[in-house]
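Below is one structure, written out as structure tokens; the observations come after it.
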Amino acid sequence: MVDRAKTSEDRRTDASGTEEMRATRDWVKRKFFGETIIDVKALDFFYGKNRALKDVSMSIPKDGVTAVMGPSGCGKSTFLRTLNRMYEVVPGARATGDVRFQGENLLKTDPVVLRHKIGMVFQRPNPFPKSIFDNVAYGPRVHGLKNRKKLTPIVEHSLKRAALWDEVKDRLKESAFSLSGGQQQRLCIARALAVTPQVLLMDEPCSALDPKASDRIEHTARELSEDLTVVIVTHNLQQAGRVSDHVSVFLAGGELAEFGPTRDVFDNPNHPQVKSYLEGRFG
Amino acid sequence: MGGCCDDRGFGRDSGVTSGEVRDHGTNRQKRSVAQRIAFVVLGIGSLFGFFFLGFILYWIIRQGAPALSWQFLTDVPRKMATEGGIAPMIVGSIYLTAGALLVAMPFALGSAIWLSEYAWKGWWVRAIRIGVNTLAGVPSIVFGLVGLGLFVYALDFGVSLLSGACTLAMLTLPILIRASEEALRAVPRSFREGSLALGATRWHMIRTVVLPSALPGILTGSVLGMARAIGETAPIMFTATAFLLTQPYPHSLFDKVSTLPYHLYALVQFNPHYNETKHIQYGIVLVLMIVVTLLNMTAIVWRIRARRSKAW
């Protein structure tokens with residue numbers, strides 16, 4: 001991985017001639033070498049005896065959107081779930097390595113505390129069978145905030161950030177299941193935002209939605225990334241291209257083949273398999 | 001009938017001539033005759049179940065319906081239970097089963113939550129499961145004797161409502177555990193993950209998401225447990241009941257009670273006036289059947305309603 005990154009850096013230098021390209025590269029460098037929020041080093045992951053991730057290292061930059069891509073079964077969801085320790089719900093799953101977040105190896109911290117800071121949105125919208133208000137207020141209530149007067153502004157703010165407020169402001173007491181699929185997913189985003197996480201993990205958040213709803217989610221993710229780090233798993237190349245600043249591509253076997261600014265990786269992939277993946281020849 | 005048409009279709013499609021086909025043809029006819037006979041025999045067999053149910057219902061209603069009256073349901077037994085009503089037995093049955101539920105529910109819920117939410121697969125979990133299933137298969141008279149030894153004598157509750165409720169609780173425990181565990185397991189994983197991902201502890205998740213979603217199923221299971229317990233005689237006849245009560249209604253947990261099945265048992269077994277009390281016997285059975293049917297129907301209605309309101 002390190003070697004490959006180096007060669008790609010070299011090639012980029014060789015390829016850069018025009019002023020415009022240099023400007024792009026500077027922007028890219030700023031993004032790439034900017035502040036890191038999660039630093040993954042030598043991460044291995046096992047389901048029982050099966051190795052799902054192989055020696056993964058990457059620095060997820062602070063703010064912006066980082067996309068995680070790859071063919072099915074390459075471990076991209078697993079990777080996402082190590083970042084908030086959600087893999088622990090699967091018996092026999094274990095991760096080794098050093099995943100730095102706020103100066104600590106998050107694999108060794110208290111997952112309950114960690115999940116306050118790293119939120120998650122799942123593949124299928126999974127609102128609780130409660131009212132819209134109670135769904136969003138769930139997180140703050142977990143933290144011990146019971147006062148409805150204090151909860152109301154949090155709920156409103158979260159729903160606004162998830163671009164759902166206008167659609168639901170008059171029916172906060174209705175069941176979350178009265179919403180459409182896309183609205184439910186935005187409700188889940190609002191629910192995650194209500195605990196003010198620093199990182200929002202999104203596990204193929206649009207895979208169960210129609211194009212229009214997907215578009216709104218993408219838009220929301222972009223807007224959120226102004227002051228929040230979004231890590232999004234997607235198998236949709238166009239989506240990754242539209243939404244992300246950085247992209248990492250995993251290959252079958254759980255190997256990280258490529259990581260860098262999205263435009264760079266898309267225009268100029270190093271790894272031959274990533275190249276054919278991006279050209280749509282497999283995965 | 002359907003098979004007959006299929007056969008014809010098959011014959012046409014095969015399009016082969018000569019004696020071979022005729023052989024197949026006769027064979028087929030033989031086989032279809034055998035098939036038809038089998039259908040009829042099996043059909044009659046299945047009718048038997050229906051027939052017995054119908055017969056029992058008919059018999060009970062015919063014999064018991066004349067005994068049913070407002071007085072029968074609200075009066076106390078009179079003249080060595082040859083006259084009067086069965087109100088104390090109805091009350092006793094309700095007290096005992098409700099008591100059993102109250103005693104068993106905390107244990108059942110606790111072990112169901114542990115089994116479905118906390119326990120990893122392992123030999124002890126398997127052992128507990130086998131234990132629970134075996135408990136369901138223990139003959140009810142065994143519970144009666146154990147209850148007598150444990151609650152009546154060892155814990156000195158005496159022959160009382162409390163002893164009976166505790167004994168019945170042991171009997172209903174496996175039903176309640178299984179029903180509750182099933183209801184808990186039916187709660188989708190996505191709810192749990194959603195809750196955990198927000199930084200909830202496992203217990204908080206269970207309390208706020210899993211239990212509320214499983215509650216209809218747990219209630220349904222407890223009603224079915226009640227329906228099972230209300231018909232039992234053996235576990236309570238040593239521990240809770242008396243035929244001729246000194247007071248018709250219990251005033252405390254340590255009083256004796258009588259129940260519908262026990263009263264019937266006593267009427268038939270010990271009462272010299274068998275024929276005079278026949279209408280009362282069938283009246284009791286009819287009331288018992290109605291109560292059990294109502295309980296089961298309640299469970300079914302709850303289940304349907306819970307399923308309909310589920311959006312997942």
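A note on labels: chains of the structure tokens are A, B, ... as shown, every chain counts residues from 1, and ligands are counted from 1 in their shown order.
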Would you pick out the contacts of segment 233-238 of chain A at 6 Å or less, using only C-alpha atoms, so that residues sharing its chain but fewer than 3 positions from it are not included, and give the list as JSON, numbers by chain?
{"A": [67, 68, 69, 203, 204, 241]}
Give me the residues of chain A that have any atom at most 7 Å from an atom of chain B; for each, the nearest atom pair and the distance in Å, rounded to one decimal. Use only C-alpha atoms, sort by chain and number, and format it as JSON lines.
{"residue": "A:Met86", "atom": "CA", "partner": "B:Ala197", "partner_atom": "CA", "distance": 6.9}
{"residue": "A:Val112", "atom": "CA", "partner": "B:Gly199", "partner_atom": "CA", "distance": 4.6}
{"residue": "A:Val113", "atom": "CA", "partner": "B:Gly199", "partner_atom": "CA", "distance": 6.4}
{"residue": "A:Arg115", "atom": "CA", "partner": "B:Gly199", "partner_atom": "CA", "distance": 4.7}
{"residue": "A:His116", "atom": "CA", "partner": "B:Gly199", "partner_atom": "CA", "distance": 5.1}
{"residue": "A:Gly119", "atom": "CA", "partner": "B:Ala197", "partner_atom": "CA", "distance": 6.3}
{"residue": "A:Met120", "atom": "CA", "partner": "B:Ala197", "partner_atom": "CA", "distance": 6.1}
{"residue": "A:Asn126", "atom": "CA", "partner": "B:Ser190", "partner_atom": "CA", "distance": 5.9}
{"residue": "A:Phe128", "atom": "CA", "partner": "B:Phe191", "partner_atom": "CA", "distance": 6.1}
{"residue": "A:Gly139", "atom": "CA", "partner": "B:Leu198", "partner_atom": "CA", "distance": 5.6}
{"residue": "A:Val142", "atom": "CA", "partner": "B:Ala200", "partner_atom": "CA", "distance": 5.9}
{"residue": "A:Phe177", "atom": "CA", "partner": "B:Ala311", "partner_atom": "CA", "distance": 6.4}
{"residue": "A:Ala192", "atom": "CA", "partner": "B:Leu198", "partner_atom": "CA", "distance": 6.5}
Using C-alpha atoms, can you write the selected residues to a file as a PDB file, in the first residue's frame?
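That gives us out-v1.pdb:
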ATOM      1  CA  MET A  86     -20.578  -2.515  15.254  1.00  0.00           C
ATOM      2  CA  VAL A 112     -20.605   2.702  23.900  1.00  0.00           C
ATOM      3  CA  VAL A 113     -18.595   5.908  24.302  1.00  0.00           C
ATOM      4  CA  ARG A 115     -20.541   5.302  19.196  1.00  0.00           C
ATOM      5  CA  HIS A 116     -21.512   8.651  20.674  1.00  0.00           C
ATOM      6  CA  GLY A 119     -22.590   7.625  14.226  1.00  0.00           C
ATOM      7  CA  MET A 120     -23.929   5.228  11.659  1.00  0.00           C
ATOM      8  CA  ASN A 126     -34.217   1.207  10.275  1.00  0.00           C
ATOM      9  CA  PHE A 128     -37.653   2.369  15.548  1.00  0.00           C
ATOM     10  CA  GLY A 139     -29.907   9.201  21.050  1.00  0.00           C
ATOM     11  CA  VAL A 142     -29.619   7.468  25.746  1.00  0.00           C
ATOM     12  CA  PHE A 177     -43.244   4.057   9.525  1.00  0.00           C
ATOM     13  CA  ALA A 192     -27.609   9.790  14.120  1.00  0.00           C
TER      14      ALA A 192
END
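Comparing A:Ser131, A:Thr36, A:Gln198, A:Ser207 by their smallest distance to Val230 of chain A, the closest is A:Gln198 (using only C-alpha atoms).
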Determine which residues of segment 20-263 of chain B receive a DSSP assignment of alpha helix (DSSP H), computed from the backbone, and state them as a VMD selection string.
chain B and resid 20 to 64 70 to 74 87 to 113 123 to 137 140 to 147 161 to 185 189 to 197 202 to 205 211 to 230 234 to 237 260 to 263
Could you name the residues that touch Leu101 of chain B at 10 Å or less, counting only C-alpha atoms, but leaving out those on the same chain fewer than 6 positions away, as a PyMOL selection string?
chain B and resi 95+108+165-166+168-170+172-173+176+222-223+225-226+229
Selection above as a file: N, CA and C atoms, as a PDB file, in the first residue's frame:
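Contents of out.pdb, as written:
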ATOM      1  N   TYR B  95     -58.130 -16.611  40.130  1.00  0.00           N
ATOM      2  CA  TYR B  95     -57.082 -16.247  41.097  1.00  0.00           C
ATOM      3  C   TYR B  95     -55.836 -17.105  40.901  1.00  0.00           C
ATOM      4  N   ALA B 108     -39.794 -16.049  33.784  1.00  0.00           N
ATOM      5  CA  ALA B 108     -39.848 -16.392  32.357  1.00  0.00           C
ATOM      6  C   ALA B 108     -39.221 -15.290  31.514  1.00  0.00           C
ATOM      7  N   ALA B 165     -50.610 -21.370  43.243  1.00  0.00           N
ATOM      8  CA  ALA B 165     -50.122 -20.449  42.214  1.00  0.00           C
ATOM      9  C   ALA B 165     -48.656 -20.736  41.898  1.00  0.00           C
ATOM     10  N   CYS B 166     -47.866 -20.998  42.954  1.00  0.00           N
ATOM     11  CA  CYS B 166     -46.448 -21.280  42.739  1.00  0.00           C
ATOM     12  C   CYS B 166     -46.273 -22.580  41.953  1.00  0.00           C
ATOM     13  N   LEU B 168     -48.464 -24.013  39.907  1.00  0.00           N
ATOM     14  CA  LEU B 168     -48.896 -23.777  38.520  1.00  0.00           C
ATOM     15  C   LEU B 168     -47.875 -22.943  37.759  1.00  0.00           C
ATOM     16  N   ALA B 169     -47.187 -22.063  38.486  1.00  0.00           N
ATOM     17  CA  ALA B 169     -46.167 -21.226  37.833  1.00  0.00           C
ATOM     18  C   ALA B 169     -45.072 -22.107  37.249  1.00  0.00           C
ATOM     19  N   MET B 170     -44.671 -23.142  38.015  1.00  0.00           N
ATOM     20  CA  MET B 170     -43.644 -24.051  37.496  1.00  0.00           C
ATOM     21  C   MET B 170     -44.110 -24.700  36.201  1.00  0.00           C
ATOM     22  N   THR B 172     -46.329 -23.519  34.003  1.00  0.00           N
ATOM     23  CA  THR B 172     -46.460 -22.611  32.858  1.00  0.00           C
ATOM     24  C   THR B 172     -45.118 -22.006  32.441  1.00  0.00           C
ATOM     25  N   LEU B 173     -44.129 -22.138  33.310  1.00  0.00           N
ATOM     26  CA  LEU B 173     -42.834 -21.507  33.040  1.00  0.00           C
ATOM     27  C   LEU B 173     -42.290 -21.821  31.646  1.00  0.00           C
ATOM     28  N   LEU B 176     -44.188 -19.992  28.907  1.00  0.00           N
ATOM     29  CA  LEU B 176     -43.927 -18.553  28.905  1.00  0.00           C
ATOM     30  C   LEU B 176     -42.523 -18.246  28.399  1.00  0.00           C
ATOM     31  N   SER B 222     -48.403 -15.297  27.192  1.00  0.00           N
ATOM     32  CA  SER B 222     -48.853 -15.449  28.570  1.00  0.00           C
ATOM     33  C   SER B 222     -50.330 -15.829  28.622  1.00  0.00           C
ATOM     34  N   VAL B 223     -51.118 -15.348  27.660  1.00  0.00           N
ATOM     35  CA  VAL B 223     -52.525 -15.752  27.618  1.00  0.00           C
ATOM     36  C   VAL B 223     -52.636 -17.249  27.301  1.00  0.00           C
ATOM     37  N   GLY B 225     -50.392 -19.442  28.022  1.00  0.00           N
ATOM     38  CA  GLY B 225     -49.967 -20.102  29.248  1.00  0.00           C
ATOM     39  C   GLY B 225     -51.111 -20.186  30.249  1.00  0.00           C
ATOM     40  N   MET B 226     -51.883 -19.107  30.329  1.00  0.00           N
ATOM     41  CA  MET B 226     -53.039 -19.084  31.221  1.00  0.00           C
ATOM     42  C   MET B 226     -54.072 -20.123  30.798  1.00  0.00           C
ATOM     43  N   ALA B 229     -52.936 -23.382  31.963  1.00  0.00           N
ATOM     44  CA  ALA B 229     -52.947 -23.570  33.413  1.00  0.00           C
ATOM     45  C   ALA B 229     -54.356 -23.728  33.970  1.00  0.00           C
TER      46      ALA B 229
END
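With distances restricted to only C-alpha atoms, B:Ala214 is the closest residue to Leu184 of chain B from B:Ala214, B:Leu150, B:Ile90, B:Ala306.
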Any idea what the distance is between atom CA of Lys54 of chain A and atom CA of Leu256 of chain A?
7.7 Å
Quick one: DSSP strand (DSSP E or B) residues in segment 70-259 of chain B, as a list in words?
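Across segment 70-259 of chain B, those assigned strand (DSSP E or B) are Pro77, Arg78, Glu83, Gly84, Thr241 and Val257 of chain B.
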Report as number ranges by chain all protein, DNA and RNA residues lying within 9 Å of Ser163 of chain B, evaluated on only C-alpha atoms, omitting residues in the same chain fewer than 5 positions from it.
B: 147-148, 150-152, 156-158, 168, 236, 239-240, 253-254
Can you measure atom CA of Leu47 of chain B to atom CA of Met297 of chain B for me? One decimal in Å is fine.
23.3 Å
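Closest approach to Phe143 of chain B from the set B:Leu53, B:Ala38, B:Ala81, B:Ala234 is made by B:Ala234, with distances taken over only C-alpha atoms.
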Give me the residues near Trp70 of chain B as a PyMOL selection string, where near means some atom within 12 Å (using only C-alpha atoms) and where sequence neighbours in that chain fewer than 3 positions away do not count.
chain B and resi 66-67+73-76+84-87+283
Please dump the current selection as a PDB file, in the first residue's frame; keep N, CA and C atoms.
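Full text of again17.pdb as output:
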ATOM      1  N   PRO B  66     -78.308 -26.791  29.476  1.00  0.00           N
ATOM      2  CA  PRO B  66     -79.454 -26.596  30.381  1.00  0.00           C
ATOM      3  C   PRO B  66     -79.044 -26.102  31.766  1.00  0.00           C
ATOM      4  N   ALA B  67     -77.813 -26.446  32.191  1.00  0.00           N
ATOM      5  CA  ALA B  67     -77.387 -26.043  33.527  1.00  0.00           C
ATOM      6  C   ALA B  67     -77.014 -24.571  33.587  1.00  0.00           C
ATOM      7  N   LEU B  73     -73.834 -19.291  37.440  1.00  0.00           N
ATOM      8  CA  LEU B  73     -72.546 -18.592  37.330  1.00  0.00           C
ATOM      9  C   LEU B  73     -72.235 -17.734  38.543  1.00  0.00           C
ATOM     10  N   THR B  74     -73.270 -17.345  39.309  1.00  0.00           N
ATOM     11  CA  THR B  74     -73.021 -16.366  40.369  1.00  0.00           C
ATOM     12  C   THR B  74     -73.281 -16.904  41.772  1.00  0.00           C
ATOM     13  N   ASP B  75     -73.862 -18.072  41.884  1.00  0.00           N
ATOM     14  CA  ASP B  75     -74.217 -18.583  43.219  1.00  0.00           C
ATOM     15  C   ASP B  75     -73.110 -19.486  43.750  1.00  0.00           C
ATOM     16  N   VAL B  76     -73.129 -19.704  45.050  1.00  0.00           N
ATOM     17  CA  VAL B  76     -72.212 -20.661  45.664  1.00  0.00           C
ATOM     18  C   VAL B  76     -72.868 -22.039  45.645  1.00  0.00           C
ATOM     19  N   GLY B  84     -77.215 -25.154  43.508  1.00  0.00           N
ATOM     20  CA  GLY B  84     -76.492 -23.879  43.551  1.00  0.00           C
ATOM     21  C   GLY B  84     -75.588 -23.716  42.356  1.00  0.00           C
ATOM     22  N   GLY B  85     -74.599 -22.801  42.502  1.00  0.00           N
ATOM     23  CA  GLY B  85     -73.764 -22.454  41.347  1.00  0.00           C
ATOM     24  C   GLY B  85     -72.299 -22.768  41.555  1.00  0.00           C
ATOM     25  N   ILE B  86     -71.495 -22.201  40.701  1.00  0.00           N
ATOM     26  CA  ILE B  86     -70.063 -22.502  40.717  1.00  0.00           C
ATOM     27  C   ILE B  86     -69.215 -21.236  40.783  1.00  0.00           C
ATOM     28  N   ALA B  87     -69.801 -20.154  41.273  1.00  0.00           N
ATOM     29  CA  ALA B  87     -69.067 -18.884  41.277  1.00  0.00           C
ATOM     30  C   ALA B  87     -67.712 -18.970  41.992  1.00  0.00           C
ATOM     31  N   GLY B 283     -72.192 -28.573  33.105  1.00  0.00           N
ATOM     32  CA  GLY B 283     -72.171 -27.103  33.141  1.00  0.00           C
ATOM     33  C   GLY B 283     -70.756 -26.587  33.377  1.00  0.00           C
TER      34      GLY B 283
END
